[in-house]
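See below for run-v3.tsv, which holds TSV, C-alpha atoms.
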chain	number	residue	atom	x	y	z
N	1	MET	CA	11.35	30.68	20.40
N	2	ILE	CA	11.31	29.42	16.79
N	3	ILE	CA	8.48	30.51	14.50
N	4	GLY	CA	7.67	27.59	12.21
N	5	PRO	CA	6.48	27.75	8.59
N	6	ARG	CA	2.94	26.77	9.59
N	7	THR	CA	2.71	29.78	11.91
N	8	ILE	CA	4.00	32.09	9.19
N	9	LYS	CA	1.58	30.66	6.63
N	10	THR	CA	-1.33	31.05	9.07
N	11	ALA	CA	-0.44	34.71	9.67
N	12	ILE	CA	-0.05	35.47	5.95
N	13	GLY	CA	-3.12	33.48	4.92
N	14	THR	CA	-5.35	35.10	7.52
N	15	THR	CA	-4.25	38.57	6.42
N	16	ILE	CA	-4.88	37.78	2.75
N	17	ALA	CA	-8.29	36.18	3.41
N	18	ILE	CA	-9.57	39.11	5.47
N	19	SER	CA	-8.21	41.61	2.93
N	20	ILE	CA	-9.95	39.83	0.02
N	21	ALA	CA	-13.24	39.49	1.92
N	22	GLN	CA	-13.10	43.13	2.95
N	23	PHE	CA	-12.27	44.22	-0.61
N	24	MET	CA	-15.31	42.23	-1.85
N	25	ASP	CA	-17.40	44.09	0.74
N	26	LEU	CA	-18.59	40.83	2.32
N	27	SER	CA	-20.37	41.04	5.65
N	28	ASN	CA	-18.65	39.23	8.54
N	29	PHE	CA	-15.42	39.52	6.50
N	30	VAL	CA	-13.38	38.61	9.59
N	31	SER	CA	-14.89	35.12	9.37
N	32	ALA	CA	-12.83	34.51	6.21
N	33	GLY	CA	-9.71	34.84	8.36
N	34	VAL	CA	-11.12	32.47	10.97
N	35	LEU	CA	-11.87	29.90	8.24
N	36	THR	CA	-8.30	30.20	6.94
N	37	ILE	CA	-6.83	29.68	10.42
N	38	LEU	CA	-8.90	26.52	10.87
N	39	CYS	CA	-7.91	25.16	7.44
N	40	ILE	CA	-4.10	25.48	7.58
N	41	GLN	CA	-2.66	21.93	7.73
N	42	PRO	CA	0.86	20.45	8.14
N	43	SER	CA	0.97	18.81	4.69
N	44	ARG	CA	-0.37	19.27	1.15
N	45	LYS	CA	-2.38	16.05	1.22
N	46	LYS	CA	-4.03	16.90	4.53
N	47	SER	CA	-4.65	20.41	3.23
N	48	VAL	CA	-6.49	19.20	0.12
N	49	VAL	CA	-8.56	16.66	2.06
N	50	SER	CA	-9.29	19.13	4.85
N	51	ALA	CA	-10.28	21.88	2.41
N	52	TRP	CA	-12.75	19.59	0.67
N	53	HIS	CA	-14.26	18.34	3.94
N	54	ARG	CA	-14.58	21.85	5.34
N	55	PHE	CA	-16.06	23.27	2.15
N	56	VAL	CA	-18.73	20.55	1.97
N	57	ALA	CA	-19.46	20.89	5.70
N	58	CYS	CA	-19.87	24.67	5.40
N	59	ILE	CA	-22.27	24.36	2.46
N	60	LEU	CA	-24.22	21.70	4.35
N	61	ALA	CA	-24.27	23.89	7.48
N	62	SER	CA	-25.70	26.79	5.47
N	63	LEU	CA	-28.54	24.58	4.23
N	64	PHE	CA	-29.23	23.22	7.73
N	65	ALA	CA	-29.18	26.71	9.26
N	66	PHE	CA	-31.52	28.10	6.62
N	67	ALA	CA	-33.96	25.21	7.08
N	68	PHE	CA	-33.98	25.27	10.90
N	69	PHE	CA	-33.80	28.99	11.56
N	70	GLU	CA	-36.31	30.03	8.88
N	71	THR	CA	-38.86	27.32	9.74
N	72	ILE	CA	-38.54	27.05	13.54
N	73	GLY	CA	-37.02	30.36	14.56
N	74	TYR	CA	-33.90	32.12	15.76
N	75	ASN	CA	-33.54	30.69	19.23
N	76	PRO	CA	-30.60	29.15	21.14
N	77	LEU	CA	-32.62	25.94	21.52
N	78	VAL	CA	-32.96	25.77	17.74
N	79	VAL	CA	-29.17	26.07	17.42
N	80	GLY	CA	-28.79	23.07	19.73
N	81	LEU	CA	-31.45	21.10	17.86
N	82	MET	CA	-29.82	21.90	14.54
N	83	LEU	CA	-26.37	20.80	15.77
N	84	ALA	CA	-27.91	17.57	17.10
N	85	CYS	CA	-28.93	16.80	13.52
N	86	PHE	CA	-26.00	18.39	11.70
N	87	ILE	CA	-23.11	16.72	13.58
N	88	PRO	CA	-24.36	13.11	13.04
N	89	THR	CA	-24.73	13.97	9.35
N	90	THR	CA	-21.09	15.04	9.12
N	91	VAL	CA	-20.07	11.82	10.89
N	92	PHE	CA	-22.09	9.79	8.39
N	93	LEU	CA	-20.53	11.66	5.46
N	94	LYS	CA	-17.05	11.40	7.08
N	95	ILE	CA	-16.48	15.15	7.01
N	96	THR	CA	-16.17	15.75	10.76
N	97	GLN	CA	-13.09	17.94	10.17
N	98	GLY	CA	-15.53	20.57	8.94
N	99	ILE	CA	-17.58	20.83	12.15
N	100	ALA	CA	-15.46	23.61	13.68
N	101	THR	CA	-15.26	25.52	10.40
N	102	SER	CA	-18.97	25.25	9.64
N	103	SER	CA	-19.84	26.48	13.14
N	104	VAL	CA	-18.50	29.89	12.04
N	105	ILE	CA	-21.06	29.98	9.22
N	106	ILE	CA	-23.86	28.71	11.47
N	107	LEU	CA	-23.25	31.44	14.05
N	108	ASN	CA	-23.02	34.09	11.32
N	109	LEU	CA	-26.43	33.03	10.00
N	110	TYR	CA	-27.91	32.85	13.50
N	111	SER	CA	-26.66	36.30	14.47
N	112	ALA	CA	-28.13	37.81	11.27
N	113	GLY	CA	-31.67	37.10	12.50
N	114	ASP	CA	-32.80	36.74	8.90
N	115	ILE	CA	-31.41	34.78	5.95
N	116	PRO	CA	-32.20	36.28	2.56
N	117	ILE	CA	-30.67	34.65	-0.52
N	118	GLU	CA	-28.16	37.51	-0.82
N	119	PHE	CA	-26.82	36.73	2.65
N	120	LEU	CA	-26.46	33.04	1.81
N	121	ILE	CA	-24.47	34.02	-1.28
N	122	ASN	CA	-22.36	36.29	0.93
N	123	GLN	CA	-21.59	33.35	3.24
N	124	PHE	CA	-20.76	31.18	0.25
N	125	PHE	CA	-18.11	33.67	-0.87
N	126	LEU	CA	-16.74	33.79	2.68
N	127	ILE	CA	-16.32	30.03	2.53
N	128	VAL	CA	-14.63	30.17	-0.88
N	129	VAL	CA	-12.25	32.93	0.22
N	130	GLY	CA	-11.37	31.43	3.63
N	131	VAL	CA	-10.93	27.82	2.52
N	132	GLY	CA	-9.47	28.76	-0.87
N	133	VAL	CA	-6.75	31.01	0.56
N	134	ALA	CA	-5.76	28.32	3.08
N	135	LEU	CA	-5.54	25.74	0.28
N	136	LEU	CA	-3.39	28.00	-1.90
N	137	ILE	CA	-1.10	29.02	0.97
N	138	ASN	CA	-0.64	25.38	1.92
N	139	LEU	CA	0.58	24.49	-1.55
N	140	TYR	CA	3.95	25.80	-0.40
N	141	MET	CA	5.72	23.32	1.84
N	142	PRO	CA	9.38	23.66	2.85
N	143	SER	CA	11.63	20.86	1.60
N	144	LEU	CA	12.42	18.17	4.17
N	145	ASP	CA	15.51	16.92	2.33
N	146	LYS	CA	17.89	18.82	4.62
N	147	PRO	CA	16.48	17.51	7.95
N	148	LEU	CA	16.31	14.00	6.46
N	149	ARG	CA	19.98	14.21	5.42
N	150	GLU	CA	20.82	15.41	8.92
N	151	LYS	CA	18.97	12.42	10.41
N	152	GLN	CA	20.87	10.14	8.04
N	153	VAL	CA	24.26	11.52	9.09
N	154	GLU	CA	23.34	11.45	12.79
N	155	LEU	CA	22.10	7.87	12.57
N	156	GLU	CA	25.24	6.67	10.79
N	157	GLN	CA	27.46	8.35	13.40
N	158	ASN	CA	25.62	6.47	16.15
N	159	PHE	CA	25.86	3.21	14.20
N	160	GLN	CA	29.63	3.77	14.03
N	161	LYS	CA	29.76	4.29	17.78
N	162	ILE	CA	27.75	1.13	18.51
N	163	LEU	CA	29.93	-1.03	16.24
N	164	HIS	CA	33.09	0.49	17.74
N	165	GLU	CA	31.89	-0.23	21.29
N	166	ILE	CA	31.08	-3.82	20.35
N	167	ALA	CA	34.62	-4.26	18.98
N	168	LEU	CA	36.09	-2.64	22.10
N	169	TYR	CA	34.08	-4.89	24.41
N	170	ILE	CA	35.19	-8.04	22.58
N	171	ARG	CA	38.86	-7.03	22.92
N	172	THR	CA	38.89	-5.72	26.50
N	173	ASP	CA	35.77	-7.16	28.17
N	174	LYS	CA	35.19	-3.67	29.63
N	175	GLN	CA	31.58	-2.63	30.21
N	176	GLU	CA	32.03	1.14	30.53
N	177	TRP	CA	29.71	1.97	27.62
N	178	ASP	CA	26.38	3.38	28.83
N	179	GLY	CA	24.55	2.37	25.65
N	180	ARG	CA	22.92	5.76	25.14
N	181	GLU	CA	23.47	5.48	21.38
N	182	ILE	CA	20.83	2.73	21.37
N	183	THR	CA	18.18	5.13	22.65
N	184	ILE	CA	19.43	7.87	20.32
N	185	CYS	CA	19.09	5.56	17.31
N	186	GLU	CA	15.56	4.60	18.31
N	187	ASN	CA	14.59	8.28	18.52
N	188	ILE	CA	16.27	9.16	15.22
N	189	LEU	CA	14.56	6.31	13.38
N	190	GLN	CA	11.15	7.35	14.75
N	191	GLU	CA	11.71	11.01	13.89
N	192	ALA	CA	12.95	10.08	10.42
N	193	SER	CA	9.89	7.89	9.86
N	194	ASP	CA	7.62	10.81	10.79
N	195	LEU	CA	9.52	13.15	8.45
N	196	VAL	CA	9.28	10.65	5.57
N	197	SER	CA	5.52	10.27	6.12
N	198	LEU	CA	5.08	14.05	6.17
N	199	ASP	CA	7.22	14.52	3.06
N	200	ARG	CA	5.22	11.86	1.23
N	201	GLU	CA	2.04	13.78	1.96
N	202	ASN	CA	3.66	16.92	0.53
N	203	HIS	CA	4.34	15.18	-2.81
N	204	LEU	CA	0.95	13.95	-3.95
N	205	LEU	CA	2.16	12.53	-7.29
N	206	ARG	CA	5.34	10.82	-6.04
N	207	ASN	CA	4.95	7.11	-5.33
N	208	LYS	CA	8.52	6.32	-4.20
N	209	HIS	CA	10.33	8.34	-1.54
N	210	PRO	CA	14.17	8.47	-1.74
N	211	TYR	CA	14.65	8.16	2.03
N	212	ALA	CA	11.87	5.67	2.85
N	213	ASP	CA	13.79	2.54	1.81
N	214	TYR	CA	16.99	3.84	3.39
N	215	PHE	CA	15.53	4.32	6.87
N	216	THR	CA	13.59	1.05	6.59
N	217	MET	CA	16.88	-0.72	5.85
N	218	ARG	CA	18.65	1.03	8.74
N	219	ASN	CA	15.80	0.18	11.09
N	220	ARG	CA	16.14	-3.52	10.27
N	221	GLN	CA	19.93	-3.29	10.67
N	222	PHE	CA	19.42	-1.64	14.04
N	223	GLU	CA	17.22	-4.54	15.17
N	224	LEU	CA	20.03	-6.92	14.18
N	225	LEU	CA	22.58	-4.87	16.13
N	226	GLN	CA	20.40	-5.16	19.21
N	227	ARG	CA	20.22	-8.92	18.74
N	228	MET	CA	24.00	-9.15	18.34
N	229	MET	CA	24.90	-7.53	21.64
N	230	PRO	CA	23.78	-10.37	23.96
N	231	LEU	CA	25.71	-12.80	21.74
N	232	VAL	CA	28.84	-10.64	21.89
N	233	SER	CA	28.74	-10.65	25.68
N	234	ARG	CA	29.03	-14.46	25.65
N	235	LEU	CA	32.16	-14.67	23.46
N	236	PRO	CA	35.35	-16.10	25.00
N	237	LYS	CA	38.09	-13.58	25.75
N	238	ILE	CA	41.66	-13.75	24.38
N	239	ASP	CA	40.50	-16.11	21.67
N	240	SER	CA	41.80	-15.91	18.09
N	241	ILE	CA	38.34	-16.04	16.51
N	242	SER	CA	37.00	-13.42	18.94
N	243	ILE	CA	39.89	-11.07	18.14
N	244	LYS	CA	39.23	-11.47	14.42
N	245	ILE	CA	35.54	-10.70	14.99
N	246	ALA	CA	36.55	-7.62	16.99
N	247	ASP	CA	38.72	-6.47	14.09
N	248	PHE	CA	35.81	-7.09	11.73
N	249	PHE	CA	33.43	-4.96	13.82
N	250	GLU	CA	36.06	-2.22	13.99
N	251	GLU	CA	36.29	-2.14	10.19
N	252	LEU	CA	32.52	-1.99	9.94
N	253	SER	CA	32.44	0.94	12.37
N	254	GLU	CA	34.80	2.91	10.16
N	255	ALA	CA	32.78	2.33	7.01
N	256	VAL	CA	29.19	3.29	7.80
N	257	HIS	CA	27.90	5.67	5.11
N	258	PRO	CA	25.23	5.80	2.38
N	259	GLY	CA	27.27	3.96	-0.28
N	260	ASN	CA	27.20	0.21	-0.81
N	261	THR	CA	30.29	-2.01	-0.84
N	262	ALA	CA	28.87	-4.57	1.58
N	263	VAL	CA	30.05	-7.32	-0.76
N	264	ILE	CA	33.63	-6.69	0.44
N	265	TYR	CA	32.64	-7.39	4.04
N	266	LEU	CA	30.60	-10.41	3.03
N	267	GLU	CA	33.80	-11.83	1.53
N	268	GLN	CA	35.66	-11.11	4.78
N	269	LEU	CA	32.85	-12.75	6.69
N	270	GLU	CA	33.17	-15.86	4.54
N	271	GLU	CA	36.86	-16.01	5.46
N	272	LEU	CA	35.89	-15.71	9.13
N	273	ARG	CA	33.56	-18.67	8.66
N	274	ARG	CA	36.37	-20.72	7.19
N	275	ASP	CA	38.53	-19.88	10.21
N	276	PHE	CA	35.62	-20.83	12.39
N	277	ASP	CA	35.26	-24.20	10.67
N	278	ARG	CA	38.98	-24.93	11.11
N	279	GLU	CA	38.69	-24.66	14.88
N	280	PRO	CA	38.74	-27.98	16.77
N	281	LEU	CA	35.37	-29.43	17.73
N	282	PRO	CA	34.13	-28.40	21.19
N	283	ASP	CA	34.78	-30.98	23.92
N	284	THR	CA	32.87	-29.33	26.76
N	285	ARG	CA	29.39	-27.91	27.22
N	286	LYS	CA	30.76	-24.39	27.69
N	287	LYS	CA	32.80	-24.56	24.49
N	288	PHE	CA	29.80	-25.94	22.63
N	289	GLU	CA	27.62	-23.02	23.81
N	290	THR	CA	30.36	-20.59	22.82
N	291	ARG	CA	30.57	-22.16	19.36
N	292	ALA	CA	26.78	-21.89	19.00
N	293	ASN	CA	26.85	-18.20	19.99
N	294	LEU	CA	29.65	-17.55	17.49
N	295	PHE	CA	27.66	-19.26	14.77
N	296	ARG	CA	24.57	-17.17	15.55
N	297	LEU	CA	26.62	-13.97	15.68
N	298	LEU	CA	28.14	-14.61	12.25
N	299	HIS	CA	24.64	-15.27	10.92
N	300	GLU	CA	23.35	-11.95	12.34
N	301	ILE	CA	26.31	-10.07	10.85
N	302	GLU	CA	25.63	-11.66	7.48
N	303	ASP	CA	21.97	-10.57	7.61
N	304	TYR	CA	23.13	-7.07	8.56
N	305	LEU	CA	25.36	-6.87	5.49
N	306	LEU	CA	22.84	-8.50	3.13
N	307	LEU	CA	20.32	-5.78	4.00
N	308	LYS	CA	22.74	-3.16	2.72
N	309	LYS	CA	23.70	-5.24	-0.30
N	310	LYS	CA	20.04	-5.49	-1.36
N	311	PHE	CA	19.33	-1.83	-0.61
N	312	LYS	CA	21.04	-0.39	-3.68
N	313	GLU	CA	23.42	-1.26	-6.51
N	314	SER	CA	26.91	-2.10	-5.32
N	315	ASP	CA	29.62	0.56	-5.53
N	316	VAL	CA	32.46	-1.97	-5.59
N	317	LYS	CA	32.84	-1.77	-9.40
N	318	LYS	CA	33.39	1.96	-9.12
N	319	LYS	CA	36.17	1.69	-6.53
N	320	THR	CA	39.54	0.02	-6.59
N	321	LYS	CA	40.44	1.06	-3.06
N	322	LYS	CA	39.09	-1.11	-0.28
N	323	THR	CA	37.00	1.51	1.52
N	324	GLY	CA	33.80	-0.38	2.12
N	325	THR	CA	30.53	0.60	3.62
N	326	ASN	CA	27.95	-1.20	5.68
What would you get if you wrote out this structure as structure tokens?
Amino acid sequence: MIIGPRTIKTAIGTTIAISIAQFMDLSNFVSAGVLTILCIQPSRKKSVVSAWHRFVACILASLFAFAFFETIGYNPLVVGLMLACFIPTTVFLKITQGIATSSVIILNLYSAGDIPIEFLINQFFLIVVGVGVALLINLYMPSLDKPLREKQVELEQNFQKILHEIALYIRTDKQEWDGREITICENILQEASDLVSLDRENHLLRNKHPYADYFTMRNRQFELLQRMMPLVSRLPKIDSISIKIADFFEELSEAVHPGNTAVIYLEQLEELRRDFDREPLPDTRKKFETRANLFRLLHEIEDYLLLKKKFKESDVKKKTKKTGTN
């Protein structure tokens, strides 16, 4: 069993909140710990928003409780009546996250049987301590750079496998590949998207995320790879153009990494097009369909490479050795 950072922060925050409330000699000091538990959130942004909503809801709950209990009485029916008015108010004010937290304050005030001003002040400090400690604890968020880099490496390895299998299929016409890398890529891209969203919420002042554009680019490339596979299955076997395309896919499979020398492969693709144009015109329906599939495949490959070319500045100027990337 792995204990996550949120669990650790909840344990530490609850301990600190109760200790502070107890040191301040606040009644119902345990409630400060309960408030902290309810306020711990998975990201800084959610923490700030949640803390504000819960603080406002708790203050509002104190006012509602004072008004209902002191004017009507301390009765379970009054609690129900008060909640029937209080909950719609939180919905109207869009602070429904604070309903659970404010219920702690409401029950504290109800159980007191009397609400002098001193007790209201006591509850106010409980709110400040419980919500405040949770907000401060949540300012620390572990960096997600390492898991995002791991997702990047894992995704590129699966891209390499897919491109290699496409090249192998074109050469041998064997269909032994189970295609599991397709599902793996889908899962990685979804998990990476979730991590990027979470990391964005942990950096409130950062507008641009270093991995957001990368995984968006890879997601669009992945869609193109999926569109290429049906076209590849229709290529003629033992054909000079098909063999050259297989070699091209093999080179792509060996050069998937974060850099950008896609321009090299775009030049190779242009040469493939020239070879394609030098082929004799199709004289049968089957050859015409094959030529159309080849044309579409070359177009999809070009779009695949253009996505990488536009993603970042080219590295070709920095390298003299032909070790491209895609």
Measuring atom to atom with only C-alpha atoms, identify which of N:Phe66, N:Leu163, N:Phe86, N:Met141 is nearest to Ile117 in chain N.
-> N:Phe66
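Proximity to Pro5 in chain N was assessed for N:Asp25, N:Arg234, N:Ser143, N:Pro76 counting only C-alpha atoms; the smallest distance is recorded for N:Ser143.
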Within 9 Å of range 173-186 of chain N, counting all atoms listed in the file, which residues qualify if same-chain residues fewer than 5 places away don't, as number ranges by chain?
-> N: 154-155, 158-159, 161-162, 165, 168, 191, 219, 222, 226, 233, 237
Could you tell me, as a short mmCIF file (atom, residue, chain, number, x, y, z; two decimals) with C-alpha atoms, in the coordinates of the input, which residues have any atom at most 12 Å from (-21.6, 20.9, 3.0), counting all atoms listed in the file?
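The resulting file, out_29.cif, is reproduced below:
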data_model
loop_
_atom_site.label_atom_id
_atom_site.label_comp_id
_atom_site.auth_asym_id
_atom_site.auth_seq_id
_atom_site.Cartn_x
_atom_site.Cartn_y
_atom_site.Cartn_z
CA ALA N 51 -10.28 21.88 2.41
CA TRP N 52 -12.75 19.59 0.67
CA HIS N 53 -14.26 18.34 3.94
CA ARG N 54 -14.58 21.85 5.34
CA PHE N 55 -16.06 23.27 2.15
CA VAL N 56 -18.73 20.55 1.97
CA ALA N 57 -19.46 20.89 5.70
CA CYS N 58 -19.87 24.67 5.40
CA ILE N 59 -22.27 24.36 2.46
CA LEU N 60 -24.22 21.70 4.35
CA ALA N 61 -24.27 23.89 7.48
CA SER N 62 -25.70 26.79 5.47
CA LEU N 63 -28.54 24.58 4.23
CA PHE N 64 -29.23 23.22 7.73
CA ALA N 65 -29.18 26.71 9.26
CA PHE N 86 -26.00 18.39 11.70
CA ILE N 87 -23.11 16.72 13.58
CA THR N 89 -24.73 13.97 9.35
CA THR N 90 -21.09 15.04 9.12
CA LEU N 93 -20.53 11.66 5.46
CA LYS N 94 -17.05 11.40 7.08
CA ILE N 95 -16.48 15.15 7.01
CA THR N 96 -16.17 15.75 10.76
CA GLN N 97 -13.09 17.94 10.17
CA GLY N 98 -15.53 20.57 8.94
CA ILE N 99 -17.58 20.83 12.15
CA THR N 101 -15.26 25.52 10.40
CA SER N 102 -18.97 25.25 9.64
CA SER N 103 -19.84 26.48 13.14
CA ILE N 105 -21.06 29.98 9.22
CA ILE N 106 -23.86 28.71 11.47
CA PHE N 124 -20.76 31.18 0.25
CA ILE N 127 -16.32 30.03 2.53
#
With only C-alpha atoms as the counted atoms, please give the residues lying no more than 9 Å from Leu126 in chain N, apart from itself and same-chain residues fewer than 5 positions off, as a CSV table (one decimal) with C-alpha atoms, in the frame of the given file.
chain,number,residue,atom,x,y,z
N,17,ALA,CA,-8.3,36.2,3.4
N,21,ALA,CA,-13.2,39.5,1.9
N,26,LEU,CA,-18.6,40.8,2.3
N,27,SER,CA,-20.4,41.0,5.6
N,28,ASN,CA,-18.6,39.2,8.5
N,29,PHE,CA,-15.4,39.5,6.5
N,31,SER,CA,-14.9,35.1,9.4
N,32,ALA,CA,-12.8,34.5,6.2
N,35,LEU,CA,-11.9,29.9,8.2
N,105,ILE,CA,-21.1,30.0,9.2
N,121,ILE,CA,-24.5,34.0,-1.3
N,131,VAL,CA,-10.9,27.8,2.5
Using all atoms listed in the file, what table do you get, as a Markdown table, when you list each residue of range 183-229 of chain N with an atom no more than 9 Å from range 43-46 of chain N, its nearest pair of atoms, and their distance in Å rounded to one decimal, rows by chain then rising number?
| residue | atom | partner | partner_atom | distance |
| --- | --- | --- | --- | --- |
| N:Leu198 | CA | N:Ser43 | CA | 6.5 |
| N:Asp199 | CA | N:Ser43 | CA | 7.8 |
| N:Arg200 | CA | N:Lys45 | CA | 8.7 |
| N:Glu201 | CA | N:Lys45 | CA | 5.0 |
| N:Asn202 | CA | N:Arg44 | CA | 4.7 |
| N:His203 | CA | N:Arg44 | CA | 7.4 |
| N:Leu204 | CA | N:Lys45 | CA | 6.5 |
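Candidate residues N:Leu307, N:Val78, N:Val153, N:Ala100 were compared for distance to Asp213 in chain N, and the nearest is N:Leu307, using all atoms listed in the file.
Compared by their closest atoms to Leu231 in chain N, and using all atoms listed in the file, the residues N:Ile301, N:Val263, N:Leu294, N:Leu189 rank with N:Leu294 nearest.
Here CA of Ala134 in chain N is placed at a distance of 5.6 Å from CA of Ile40 in chain N.
With all atoms listed in the file as the atoms that count, the minimum distance from Gly130 in chain N to the choices N:Glu156, N:Ala292, N:Leu224, N:Val104 is reached by N:Val104.
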Here CA of Phe119 in chain N and CA of Asn138 in chain N stand apart by 28.5 Å
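Nearest to Val48 in chain N of all the residues N:Val30, N:Ile72, N:Val79, N:Leu135 is N:Leu135, counting all atoms listed in the file.
Going from CA of Gln152 in chain N over to CA of Arg6 in chain N, you cover 24.5 Å.
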Expected file for range 152-167 of chain N keeping N, CA and C atoms, as a CSV table (one decimal), in the first residue's frame:
chain,number,residue,atom,x,y,z
N,152,GLN,N,6.2,10.7,-21.0
N,152,GLN,CA,6.8,11.1,-22.3
N,152,GLN,C,7.6,9.9,-22.9
N,153,VAL,N,8.5,9.4,-22.0
N,153,VAL,CA,9.4,8.3,-22.5
N,153,VAL,C,8.6,7.1,-22.8
N,154,GLU,N,7.6,6.7,-22.0
N,154,GLU,CA,6.8,5.5,-22.2
N,154,GLU,C,6.0,5.7,-23.5
N,155,LEU,N,5.4,6.9,-23.8
N,155,LEU,CA,4.7,7.1,-25.0
N,155,LEU,C,5.6,7.0,-26.2
N,156,GLU,N,6.7,7.6,-26.2
N,156,GLU,CA,7.6,7.5,-27.3
N,156,GLU,C,8.1,6.1,-27.6
N,157,GLN,N,8.3,5.3,-26.6
N,157,GLN,CA,8.6,3.9,-26.8
N,157,GLN,C,7.5,3.1,-27.5
N,158,ASN,N,6.3,3.4,-27.2
N,158,ASN,CA,5.2,2.8,-27.8
N,158,ASN,C,5.0,3.3,-29.2
N,159,PHE,N,5.2,4.6,-29.5
N,159,PHE,CA,5.2,5.1,-30.8
N,159,PHE,C,6.2,4.4,-31.7
N,160,GLN,N,7.4,4.1,-31.1
N,160,GLN,CA,8.5,3.4,-31.9
N,160,GLN,C,8.0,2.0,-32.2
N,161,LYS,N,7.3,1.3,-31.3
N,161,LYS,CA,6.8,0.0,-31.6
N,161,LYS,C,5.8,0.0,-32.6
N,162,ILE,N,4.9,0.9,-32.6
N,162,ILE,CA,3.8,1.0,-33.6
N,162,ILE,C,4.4,1.2,-35.0
N,163,LEU,N,5.3,2.2,-35.1
N,163,LEU,CA,5.9,2.5,-36.4
N,163,LEU,C,6.7,1.3,-36.9
N,164,HIS,N,7.4,0.6,-36.0
N,164,HIS,CA,8.2,-0.6,-36.4
N,164,HIS,C,7.3,-1.7,-36.9
N,165,GLU,N,6.1,-1.9,-36.2
N,165,GLU,CA,5.2,-2.9,-36.6
N,165,GLU,C,4.6,-2.6,-38.0
N,166,ILE,N,4.3,-1.3,-38.2
N,166,ILE,CA,3.8,-0.9,-39.6
N,166,ILE,C,4.8,-1.3,-40.6
N,167,ALA,N,6.1,-0.9,-40.4
N,167,ALA,CA,7.1,-1.3,-41.4
N,167,ALA,C,7.3,-2.8,-41.6
